[in-house]
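File shown here: coords-v3.txt, holding compact mmCIF, C-alpha atoms and all ligand atoms.
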# COMPACT_ATOMS: atom_id res chain seq x y z
CA MET A 1 234.01 -101.60 289.02
CA LEU A 2 232.32 -103.95 291.48
CA LYS A 3 235.19 -106.38 291.19
CA ARG A 4 237.69 -103.65 291.96
CA PHE A 5 235.61 -102.56 294.91
CA LEU A 6 235.49 -106.09 296.24
CA THR A 7 239.23 -106.54 295.78
CA ASN A 8 239.94 -103.29 297.59
CA TYR A 9 237.53 -104.24 300.31
CA ARG A 10 239.22 -107.58 300.77
CA VAL A 11 242.63 -105.97 300.87
CA PHE A 12 241.42 -103.54 303.47
CA PHE A 13 239.86 -106.34 305.49
CA ASN A 14 242.96 -108.53 305.20
CA SER A 15 245.26 -105.75 306.32
CA LEU A 16 243.07 -105.06 309.37
CA TYR A 17 242.72 -108.74 310.14
CA TYR A 18 246.39 -109.56 309.93
CA TYR A 19 247.37 -106.43 311.76
CA ARG A 20 245.24 -107.63 314.65
CA LEU A 21 246.40 -111.21 314.30
CA ALA A 22 250.07 -110.28 314.30
CA GLY A 23 249.76 -108.57 317.63
CA THR A 24 247.78 -111.24 319.43
CA THR A 25 248.95 -114.65 318.34
CA THR A 26 252.11 -116.47 317.45
CA SER A 27 250.40 -118.67 314.86
CA HIS A 28 252.24 -119.21 311.61
CA ASN A 29 250.90 -119.18 308.09
CA ILE A 30 250.88 -122.18 305.82
CA CYS A 31 250.62 -122.41 302.03
CA TRP A 32 246.99 -122.85 300.90
CA LYS A 33 248.12 -125.12 298.07
CA CYS A 34 250.70 -127.49 299.57
CA ALA A 35 250.52 -126.79 303.35
CA GLN A 36 254.20 -125.84 303.56
CA ASN A 37 255.09 -123.44 306.41
CA LEU A 38 255.62 -119.93 305.11
CA THR A 39 258.60 -118.73 307.02
CA SER A 40 260.89 -116.37 305.17
CA ASN A 41 258.63 -115.39 302.28
CA LEU A 42 254.99 -114.61 302.99
CA THR A 43 254.07 -113.75 299.41
CA PHE A 44 255.17 -116.90 297.57
CA CYS A 45 255.48 -120.45 298.89
CA ALA A 46 259.10 -121.59 298.86
CA LYS A 47 258.06 -125.15 297.99
CA CYS A 48 255.38 -124.84 295.29
CA GLN A 49 255.86 -121.11 294.42
CA ALA A 50 252.11 -120.44 294.74
CA ILE A 51 251.13 -116.85 295.46
CA GLN A 52 249.64 -116.47 298.96
CA PRO A 53 246.98 -114.23 300.48
CA VAL A 54 248.25 -110.89 301.81
CA TYR A 55 249.64 -111.96 305.19
CA HIS A 56 251.80 -108.93 305.90
CA GLU A 57 251.41 -107.05 309.14
CA ASN A 58 251.59 -103.56 307.61
CA PHE A 59 252.77 -101.61 304.57
CA PHE A 60 256.34 -101.38 305.88
CA SER A 61 256.70 -105.12 306.39
CA TYR A 62 255.25 -105.69 302.91
CA PHE A 63 258.25 -103.85 301.48
CA GLY A 64 260.63 -105.55 303.92
CA ILE A 65 261.64 -102.25 305.53
CA ASN A 66 261.59 -100.96 309.10
CA LYS A 67 258.57 -99.10 310.36
CA SER A 68 260.04 -95.63 310.41
CA PHE A 69 259.12 -92.20 309.09
CA SER A 70 262.64 -91.76 307.72
CA LEU A 71 263.00 -93.81 304.59
CA ALA A 72 265.03 -93.83 301.40
CA GLU A 73 262.57 -92.97 298.63
CA GLU A 74 264.75 -94.38 295.86
CA ASP A 75 264.99 -97.69 297.70
CA LEU A 76 261.22 -97.78 298.20
CA LYS A 77 260.68 -97.09 294.49
CA LYS A 78 263.02 -99.94 293.61
CA ARG A 79 261.25 -102.35 295.97
CA PHE A 80 257.89 -101.26 294.56
CA ARG A 81 258.93 -101.99 290.99
CA GLN A 82 260.41 -105.35 292.01
CA LEU A 83 257.25 -106.44 293.85
CA GLN A 84 255.03 -105.09 291.10
CA SER A 85 256.79 -107.26 288.53
CA MET A 86 256.23 -110.30 290.76
CA VAL A 87 252.56 -109.90 291.71
CA HIS A 88 251.09 -108.08 288.69
CA PRO A 89 247.92 -109.82 287.39
CA ASP A 90 249.45 -109.91 283.88
CA LYS A 91 251.85 -112.55 285.23
CA PHE A 92 248.92 -114.78 286.16
CA GLY A 93 247.11 -114.93 282.82
CA LYS A 94 247.39 -118.72 282.67
CA SER A 95 246.95 -119.35 286.40
CA SER A 96 243.92 -120.64 288.28
CA PRO A 97 241.10 -118.22 289.23
CA LYS A 98 242.24 -118.34 292.86
CA GLU A 99 245.78 -117.34 291.94
CA LYS A 100 244.50 -114.57 289.68
CA GLU A 101 242.39 -113.28 292.52
CA LEU A 102 245.34 -113.39 294.94
CA SER A 103 247.53 -111.49 292.50
CA GLU A 104 244.84 -108.81 292.28
CA SER A 105 244.74 -108.55 296.09
CA HIS A 106 248.52 -108.18 296.18
CA SER A 107 248.49 -105.58 293.41
CA SER A 108 245.91 -103.44 295.20
CA PHE A 109 247.67 -103.83 298.52
CA LEU A 110 251.01 -102.97 296.91
CA ASN A 111 249.64 -99.85 295.20
CA GLN A 112 247.94 -98.67 298.36
CA ALA A 113 251.12 -99.36 300.37
CA TYR A 114 253.32 -97.48 297.91
CA LYS A 115 250.99 -94.50 297.61
CA THR A 116 250.89 -94.23 301.40
CA LEU A 117 254.58 -94.64 302.14
CA ILE A 118 256.02 -92.52 299.32
CA ASP A 119 254.06 -89.45 300.47
CA PRO A 120 255.46 -88.01 303.74
CA ARG A 121 252.08 -86.69 304.85
CA ALA A 122 250.25 -89.97 304.22
CA ARG A 123 253.19 -91.87 305.77
CA GLY A 124 253.00 -89.73 308.90
CA HIS A 125 249.26 -90.29 309.29
CA TYR A 126 249.73 -94.01 308.68
CA ILE A 127 252.41 -94.37 311.38
CA LEU A 128 250.28 -92.48 313.90
CA LYS A 129 247.40 -94.83 313.11
CA LEU A 130 249.60 -97.92 313.50
CA GLU A 131 250.88 -96.61 316.82
CA ASN A 132 247.36 -95.70 317.88
CA LYS A 133 248.58 -92.13 318.42
CA ASP A 134 246.53 -90.22 315.87
CA LYS A 135 244.26 -87.78 317.56
CA PRO A 136 242.16 -84.85 316.45
CA ILE A 137 243.84 -81.63 317.56
CA GLN A 138 242.86 -78.02 317.20
CA ASP A 139 245.07 -75.08 316.47
CA ASN A 140 242.66 -72.18 316.14
CA GLU A 141 245.30 -69.51 315.87
CA PHE A 142 246.94 -71.33 312.99
CA ALA A 143 243.59 -72.03 311.33
CA VAL A 144 242.78 -68.31 311.34
CA GLU A 145 246.25 -67.50 309.99
CA ILE A 146 245.76 -69.92 307.09
CA MET A 147 242.24 -68.67 306.42
CA GLU A 148 243.59 -65.14 306.06
CA LEU A 149 246.41 -66.37 303.84
CA ASN A 150 243.92 -68.20 301.60
CA GLU A 151 241.76 -65.10 301.37
CA ARG A 152 244.79 -63.06 300.25
CA ILE A 153 245.64 -65.76 297.72
CA GLU A 154 242.09 -65.76 296.32
CA GLU A 155 242.58 -62.09 295.48
CA LEU A 156 245.96 -62.51 293.79
CA GLU A 157 245.92 -61.98 290.05
CA ASP A 158 249.51 -61.37 289.11
CA VAL A 159 251.18 -64.61 287.96
CA ASN A 160 254.51 -63.67 289.51
CA GLU A 161 252.88 -63.00 292.85
CA ILE A 162 251.08 -66.34 292.68
CA LYS A 163 254.36 -68.06 291.85
CA SER A 164 256.18 -66.39 294.69
CA SER A 165 253.38 -67.34 297.16
CA LEU A 166 253.60 -70.91 295.87
CA SER A 167 257.31 -71.00 296.48
CA GLU A 168 256.79 -69.68 300.05
CA VAL A 169 254.14 -72.33 300.73
CA GLN A 170 256.43 -75.03 299.35
CA ASP A 171 259.20 -73.84 301.68
CA GLN A 172 256.78 -74.10 304.61
CA ILE A 173 255.82 -77.62 303.56
CA LYS A 174 259.50 -78.56 303.34
CA SER A 175 260.37 -77.25 306.80
CA LEU A 176 257.24 -78.79 308.36
CA THR A 177 258.14 -82.13 306.79
CA ASP A 178 261.63 -81.84 308.33
CA ALA A 179 260.04 -81.01 311.71
CA LEU A 180 257.73 -84.00 311.30
CA GLU A 181 260.70 -86.28 310.73
CA ILE A 182 262.42 -84.99 313.86
CA SER A 183 259.29 -85.46 315.96
CA PHE A 184 259.03 -89.08 314.81
CA GLN A 185 262.72 -89.62 315.58
CA LYS A 186 262.01 -88.39 319.12
CA ASN A 187 258.75 -90.40 319.35
CA ASN A 188 257.06 -87.08 320.06
CA TYR A 189 253.61 -87.95 318.71
CA ASP A 190 251.91 -84.77 319.96
CA GLU A 191 254.34 -82.73 317.91
CA ALA A 192 253.87 -85.09 314.92
CA ASN A 193 250.10 -84.57 315.11
CA LYS A 194 250.63 -80.81 315.17
CA CYS A 195 252.99 -80.86 312.18
CA LEU A 196 250.56 -83.01 310.21
CA LEU A 197 247.66 -80.71 310.95
CA ARG A 198 249.67 -77.78 309.63
CA LEU A 199 250.85 -79.78 306.62
CA ASN A 200 247.25 -80.63 305.75
CA PHE A 201 246.37 -76.93 305.79
CA TYR A 202 249.38 -75.95 303.68
CA GLU A 203 248.64 -78.72 301.22
CA ARG A 204 245.19 -77.23 300.60
CA THR A 205 246.78 -73.81 300.13
CA ARG A 206 249.30 -75.27 297.68
CA LYS A 207 246.45 -76.81 295.65
CA LEU A 208 244.64 -73.48 295.68
CA LEU A 209 247.72 -71.75 294.25
CA LEU A 210 248.25 -74.42 291.61
CA LYS A 211 244.62 -74.04 290.54
CA LYS A 212 245.15 -70.30 290.12
CA LEU A 213 248.15 -70.92 287.88
CA LYS A 214 246.14 -73.10 285.46
ZN ZN B 301 253.04 -124.29 298.57
Let me see the structure of the file written as structure tokens.
Ligand SMILES: [Zn+2]
Amino acid sequence: MLKRFLTNYRVFFNSLYYYRLAGTTTSHNICWKCAQNLTSNLTFCAKCQAIQPVYHENFFSYFGINKSFSLAEEDLKKRFRQLQSMVHPDKFGKSSPKEKELSESHSSFLNQAYKTLIDPRARGHYILKLENKDKPIQDNEFAVEIMELNERIEELEDVNEIKSSLSEVQDQIKSLTDALEISFQKNNYDEANKCLLRLNFYERTRKLLLKKLK
């Protein structure tokens, strides 16, 4: 438990550190084991094949894809499985403690990166954070609307009615996700923030409905 916490903490720290570093310096990374310059591949040294610390600038660069809200999910899944097979701690059973530790850092980073990018809502929040454009917004009218909707849902008892509400909420989530994609394409971050706020509300409503169906 503690070990996992420490690994996650390190991953978090590394990602912050290198995010900052990438924007401020032009320094390059060298292999900790043989001092070779790491140019094309930041995860494994081209000369001695040693696994490296997590040097990547962000989750997108870790997967070798462009920083963009629009992404091909199947392609991301494929890249995830490929990377997972390369950095998984099981592959480092006979390696040195340092290499084992690095593989654990990569595995945590990879899982966190995948979980974030595969989910449109988490991906949207992540991009806004990277761009320094995430801001708390209020939409009182919408909040009241959702509160009333949730109250109506709480009272629903008929399974078919619950199912039909769920399908309506899922349609809303779908069209808001489409609107979110368009706002990112237009670099309209205010609109993206608004869509995400609404998506967060609808997500809670969706969970509420699913709980009622159990
Ligand atoms: Zn090396």
Have a look at A:Ala122, A:Cys34, A:Ala113, A:Leu199 and name the one nearest to Lys174 of chain A; count all atoms listed in the file.
->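 Smallest distance to Lys174 of chain A is found for A:Leu199.
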At a cut-off of 7 Å, can you tabulate as CSV every residue of segment 66-169 of chain A near segment 203-207 of chain A together with its closest atom pair and the distance in Å to one decimal, using only C-alpha atoms and ordering rows by chain then number?
residue,atom,partner,partner_atom,distance
A:Asn150,CA,A:Thr205,CA,6.5
A:Leu166,CA,A:Arg206,CA,6.4
A:Val169,CA,A:Arg206,CA,6.4
Keeping only C-alpha atoms, take the residues you just selected and write them out as an mmCIF file, keeping the file's coordinate frame.
data_model
loop_
_atom_site.group_PDB
_atom_site.id
_atom_site.type_symbol
_atom_site.label_atom_id
_atom_site.label_comp_id
_atom_site.auth_asym_id
_atom_site.auth_seq_id
_atom_site.Cartn_x
_atom_site.Cartn_y
_atom_site.Cartn_z
ATOM 1 C CA ASN A 150 243.920 -68.200 301.600
ATOM 2 C CA LEU A 166 253.600 -70.910 295.870
ATOM 3 C CA VAL A 169 254.140 -72.330 300.730
#
Could you check which of A:His56, A:Ile51, A:Ser68, A:Phe142 is closest to Glu101 of chain A, using only C-alpha atoms?
->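 Checking each candidate against Glu101 of chain A, we get A:Ile51 as the closest.
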Wanna dump the chain A-ligand ZN 301 (chain B) contacts at 6 Å for me, each residue with its shortest atom pair and the distance in Å to one decimal, counting all atoms listed in the file, ordered by chain and number, as a tab-separated table?
residue	atom	partner	partner_atom	distance
A:Cys31	CA	B:ZN301	ZN	4.6
A:Lys33	CA	B:ZN301	ZN	5.0
A:Cys34	CA	B:ZN301	ZN	4.1
A:Ala35	CA	B:ZN301	ZN	6.0
A:Gln36	CA	B:ZN301	ZN	5.4
A:Cys45	CA	B:ZN301	ZN	4.6
A:Lys47	CA	B:ZN301	ZN	5.1
A:Cys48	CA	B:ZN301	ZN	4.1
A:Gln49	CA	B:ZN301	ZN	5.9
A:Ala50	CA	B:ZN301	ZN	5.5
Within 12 Å of Leu209 of chain A, counting only C-alpha atoms, which residues qualify if same-chain residues fewer than 4 places away don't, as a VMD selection string?
-> chain A and resid 149 to 170 202 to 205 213 to 214
For the selection you just gave me, I'd like the residues written to a file as a short mmCIF file (atom, residue, chain, number, x, y, z; two decimals), in the coordinates of the input, keeping C-alpha atoms.
data_model
loop_
_atom_site.label_atom_id
_atom_site.label_comp_id
_atom_site.auth_asym_id
_atom_site.auth_seq_id
_atom_site.Cartn_x
_atom_site.Cartn_y
_atom_site.Cartn_z
CA LEU A 149 246.41 -66.37 303.84
CA ASN A 150 243.92 -68.20 301.60
CA GLU A 151 241.76 -65.10 301.37
CA ARG A 152 244.79 -63.06 300.25
CA ILE A 153 245.64 -65.76 297.72
CA GLU A 154 242.09 -65.76 296.32
CA GLU A 155 242.58 -62.09 295.48
CA LEU A 156 245.96 -62.51 293.79
CA GLU A 157 245.92 -61.98 290.05
CA ASP A 158 249.51 -61.37 289.11
CA VAL A 159 251.18 -64.61 287.96
CA ASN A 160 254.51 -63.67 289.51
CA GLU A 161 252.88 -63.00 292.85
CA ILE A 162 251.08 -66.34 292.68
CA LYS A 163 254.36 -68.06 291.85
CA SER A 164 256.18 -66.39 294.69
CA SER A 165 253.38 -67.34 297.16
CA LEU A 166 253.60 -70.91 295.87
CA SER A 167 257.31 -71.00 296.48
CA GLU A 168 256.79 -69.68 300.05
CA VAL A 169 254.14 -72.33 300.73
CA GLN A 170 256.43 -75.03 299.35
CA TYR A 202 249.38 -75.95 303.68
CA GLU A 203 248.64 -78.72 301.22
CA ARG A 204 245.19 -77.23 300.60
CA THR A 205 246.78 -73.81 300.13
CA LEU A 213 248.15 -70.92 287.88
CA LYS A 214 246.14 -73.10 285.46
#
For Glu145 of chain A, which residue among A:Glu99, A:Arg198, A:Leu42, A:Lys94 is the nearest when counting only C-alpha atoms?
-> A:Arg198
Could you give me the axis-aligned bounding box of segment 107-115 of chain A, with 3 Å of padding per side, as centre plus edge lengths in Å to one decimal, as JSON?
{"center_x": 249.6, "center_y": -100.0, "center_z": 296.9, "size_x": 13.4, "size_y": 17.1, "size_z": 13.0}
Kindly give the distance, in Å, that separates atom CA of Ile65 of chain A and atom CA of Leu117 of chain A, rounded to a single decimal.
-> 10.9 Å
How many Å lie between atom CA of Thr39 of chain A and atom CA of Asn58 of chain A, rounded to one decimal?
->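 A separation of 16.7 Å between them.
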If you count all atoms listed in the file, which residues fall within 9 Å of Leu102 of chain A, apart from same-chain ones fewer than 5 positions away, as number ranges by chain?
-> A: 51-54, 87, 89, 97, 107
Shortest interatomic distance to Phe80 of chain A - which of A:Phe59, A:Tyr114, A:Lys67, A:Glu104, counting all atoms listed in the file = A:Tyr114
Quick one: distance from atom CA of Ser61 of chain A to atom CA of Lys135 of chain A in Å, one decimal?
-> 24.1 Å
Since the input is missing atoms, can you rebuild N, CA and C atoms for segment 147-178 of chain A and write them as a PDB file, in the coordinates of the input?
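Final output, saved to selection.pdb:
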ATOM      1  N   MET A 147     243.443 -69.182 307.070  1.00  0.00           N
ATOM      2  CA  MET A 147     242.240 -68.670 306.420  1.00  0.00           C
ATOM      3  C   MET A 147     242.521 -67.296 305.808  1.00  0.00           C
ATOM      4  N   GLU A 148     243.244 -66.477 306.563  1.00  0.00           N
ATOM      5  CA  GLU A 148     243.590 -65.140 306.060  1.00  0.00           C
ATOM      6  C   GLU A 148     244.528 -65.232 304.854  1.00  0.00           C
ATOM      7  N   LEU A 149     245.473 -66.161 304.953  1.00  0.00           N
ATOM      8  CA  LEU A 149     246.410 -66.370 303.840  1.00  0.00           C
ATOM      9  C   LEU A 149     245.637 -66.787 302.581  1.00  0.00           C
ATOM     10  N   ASN A 150     244.706 -67.740 302.746  1.00  0.00           N
ATOM     11  CA  ASN A 150     243.920 -68.200 301.600  1.00  0.00           C
ATOM     12  C   ASN A 150     243.066 -67.091 300.998  1.00  0.00           C
ATOM     13  N   GLU A 151     242.546 -66.223 301.876  1.00  0.00           N
ATOM     14  CA  GLU A 151     241.760 -65.100 301.370  1.00  0.00           C
ATOM     15  C   GLU A 151     242.631 -64.166 300.524  1.00  0.00           C
ATOM     16  N   ARG A 152     243.863 -63.907 301.015  1.00  0.00           N
ATOM     17  CA  ARG A 152     244.790 -63.060 300.250  1.00  0.00           C
ATOM     18  C   ARG A 152     245.117 -63.723 298.907  1.00  0.00           C
ATOM     19  N   ILE A 153     245.286 -65.031 298.950  1.00  0.00           N
ATOM     20  CA  ILE A 153     245.640 -65.760 297.720  1.00  0.00           C
ATOM     21  C   ILE A 153     244.484 -65.691 296.706  1.00  0.00           C
ATOM     22  N   GLU A 154     243.265 -65.843 297.203  1.00  0.00           N
ATOM     23  CA  GLU A 154     242.090 -65.760 296.320  1.00  0.00           C
ATOM     24  C   GLU A 154     242.093 -64.464 295.514  1.00  0.00           C
ATOM     25  N   GLU A 155     242.603 -63.389 296.141  1.00  0.00           N
ATOM     26  CA  GLU A 155     242.580 -62.090 295.480  1.00  0.00           C
ATOM     27  C   GLU A 155     243.765 -61.862 294.543  1.00  0.00           C
ATOM     28  N   LEU A 156     244.772 -62.704 294.637  1.00  0.00           N
ATOM     29  CA  LEU A 156     245.960 -62.510 293.790  1.00  0.00           C
ATOM     30  C   LEU A 156     245.612 -62.699 292.318  1.00  0.00           C
ATOM     31  N   GLU A 157     246.174 -61.828 291.487  1.00  0.00           N
ATOM     32  CA  GLU A 157     245.920 -61.980 290.050  1.00  0.00           C
ATOM     33  C   GLU A 157     247.224 -62.055 289.251  1.00  0.00           C
ATOM     34  N   ASP A 158     248.236 -61.416 289.812  1.00  0.00           N
ATOM     35  CA  ASP A 158     249.510 -61.370 289.110  1.00  0.00           C
ATOM     36  C   ASP A 158     250.211 -62.734 289.184  1.00  0.00           C
ATOM     37  N   VAL A 159     250.582 -63.264 288.019  1.00  0.00           N
ATOM     38  CA  VAL A 159     251.180 -64.610 287.960  1.00  0.00           C
ATOM     39  C   VAL A 159     252.456 -64.700 288.801  1.00  0.00           C
ATOM     40  N   ASN A 160     253.266 -63.629 288.741  1.00  0.00           N
ATOM     41  CA  ASN A 160     254.510 -63.670 289.510  1.00  0.00           C
ATOM     42  C   ASN A 160     254.256 -63.698 291.014  1.00  0.00           C
ATOM     43  N   GLU A 161     253.229 -62.983 291.426  1.00  0.00           N
ATOM     44  CA  GLU A 161     252.880 -63.000 292.850  1.00  0.00           C
ATOM     45  C   GLU A 161     252.377 -64.383 293.273  1.00  0.00           C
ATOM     46  N   ILE A 162     251.583 -64.986 292.384  1.00  0.00           N
ATOM     47  CA  ILE A 162     251.080 -66.340 292.680  1.00  0.00           C
ATOM     48  C   ILE A 162     252.264 -67.303 292.794  1.00  0.00           C
ATOM     49  N   LYS A 163     253.196 -67.173 291.847  1.00  0.00           N
ATOM     50  CA  LYS A 163     254.360 -68.060 291.850  1.00  0.00           C
ATOM     51  C   LYS A 163     255.198 -67.869 293.102  1.00  0.00           C
ATOM     52  N   SER A 164     255.340 -66.616 293.514  1.00  0.00           N
ATOM     53  CA  SER A 164     256.180 -66.390 294.690  1.00  0.00           C
ATOM     54  C   SER A 164     255.471 -66.899 295.960  1.00  0.00           C
ATOM     55  N   SER A 165     254.117 -66.760 296.022  1.00  0.00           N
ATOM     56  CA  SER A 165     253.380 -67.340 297.160  1.00  0.00           C
ATOM     57  C   SER A 165     253.534 -68.855 297.167  1.00  0.00           C
ATOM     58  N   LEU A 166     253.474 -69.450 295.967  1.00  0.00           N
ATOM     59  CA  LEU A 166     253.600 -70.910 295.870  1.00  0.00           C
ATOM     60  C   LEU A 166     254.961 -71.361 296.389  1.00  0.00           C
ATOM     61  N   SER A 167     255.984 -70.612 296.037  1.00  0.00           N
ATOM     62  CA  SER A 167     257.310 -71.000 296.480  1.00  0.00           C
ATOM     63  C   SER A 167     257.431 -70.856 298.008  1.00  0.00           C
ATOM     64  N   GLU A 168     256.781 -69.826 298.580  1.00  0.00           N
ATOM     65  CA  GLU A 168     256.790 -69.680 300.050  1.00  0.00           C
ATOM     66  C   GLU A 168     256.064 -70.855 300.728  1.00  0.00           C
ATOM     67  N   VAL A 169     254.919 -71.228 300.154  1.00  0.00           N
ATOM     68  CA  VAL A 169     254.140 -72.330 300.730  1.00  0.00           C
ATOM     69  C   VAL A 169     254.940 -73.646 300.637  1.00  0.00           C
ATOM     70  N   GLN A 170     255.626 -73.817 299.499  1.00  0.00           N
ATOM     71  CA  GLN A 170     256.430 -75.030 299.350  1.00  0.00           C
ATOM     72  C   GLN A 170     257.577 -75.078 300.355  1.00  0.00           C
ATOM     73  N   ASP A 171     258.152 -73.897 300.652  1.00  0.00           N
ATOM     74  CA  ASP A 171     259.200 -73.840 301.680  1.00  0.00           C
ATOM     75  C   ASP A 171     258.631 -74.230 303.041  1.00  0.00           C
ATOM     76  N   GLN A 172     257.428 -73.746 303.339  1.00  0.00           N
ATOM     77  CA  GLN A 172     256.780 -74.100 304.610  1.00  0.00           C
ATOM     78  C   GLN A 172     256.552 -75.604 304.704  1.00  0.00           C
ATOM     79  N   ILE A 173     256.080 -76.177 303.587  1.00  0.00           N
ATOM     80  CA  ILE A 173     255.820 -77.620 303.560  1.00  0.00           C
ATOM     81  C   ILE A 173     257.123 -78.383 303.803  1.00  0.00           C
ATOM     82  N   LYS A 174     258.197 -77.906 303.178  1.00  0.00           N
ATOM     83  CA  LYS A 174     259.500 -78.560 303.340  1.00  0.00           C
ATOM     84  C   LYS A 174     259.945 -78.504 304.810  1.00  0.00           C
ATOM     85  N   SER A 175     259.853 -77.326 305.428  1.00  0.00           N
ATOM     86  CA  SER A 175     260.370 -77.250 306.800  1.00  0.00           C
ATOM     87  C   SER A 175     259.447 -77.984 307.783  1.00  0.00           C
ATOM     88  N   LEU A 176     258.134 -78.012 307.498  1.00  0.00           N
ATOM     89  CA  LEU A 176     257.240 -78.790 308.360  1.00  0.00           C
ATOM     90  C   LEU A 176     257.489 -80.291 308.225  1.00  0.00           C
ATOM     91  N   THR A 177     257.833 -80.712 306.996  1.00  0.00           N
ATOM     92  CA  THR A 177     258.140 -82.130 306.790  1.00  0.00           C
ATOM     93  C   THR A 177     259.423 -82.506 307.544  1.00  0.00           C
ATOM     94  N   ASP A 178     260.402 -81.600 307.547  1.00  0.00           N
ATOM     95  CA  ASP A 178     261.630 -81.840 308.330  1.00  0.00           C
ATOM     96  C   ASP A 178     261.297 -81.925 309.821  1.00  0.00           C
TER      97      ASP A 178
END
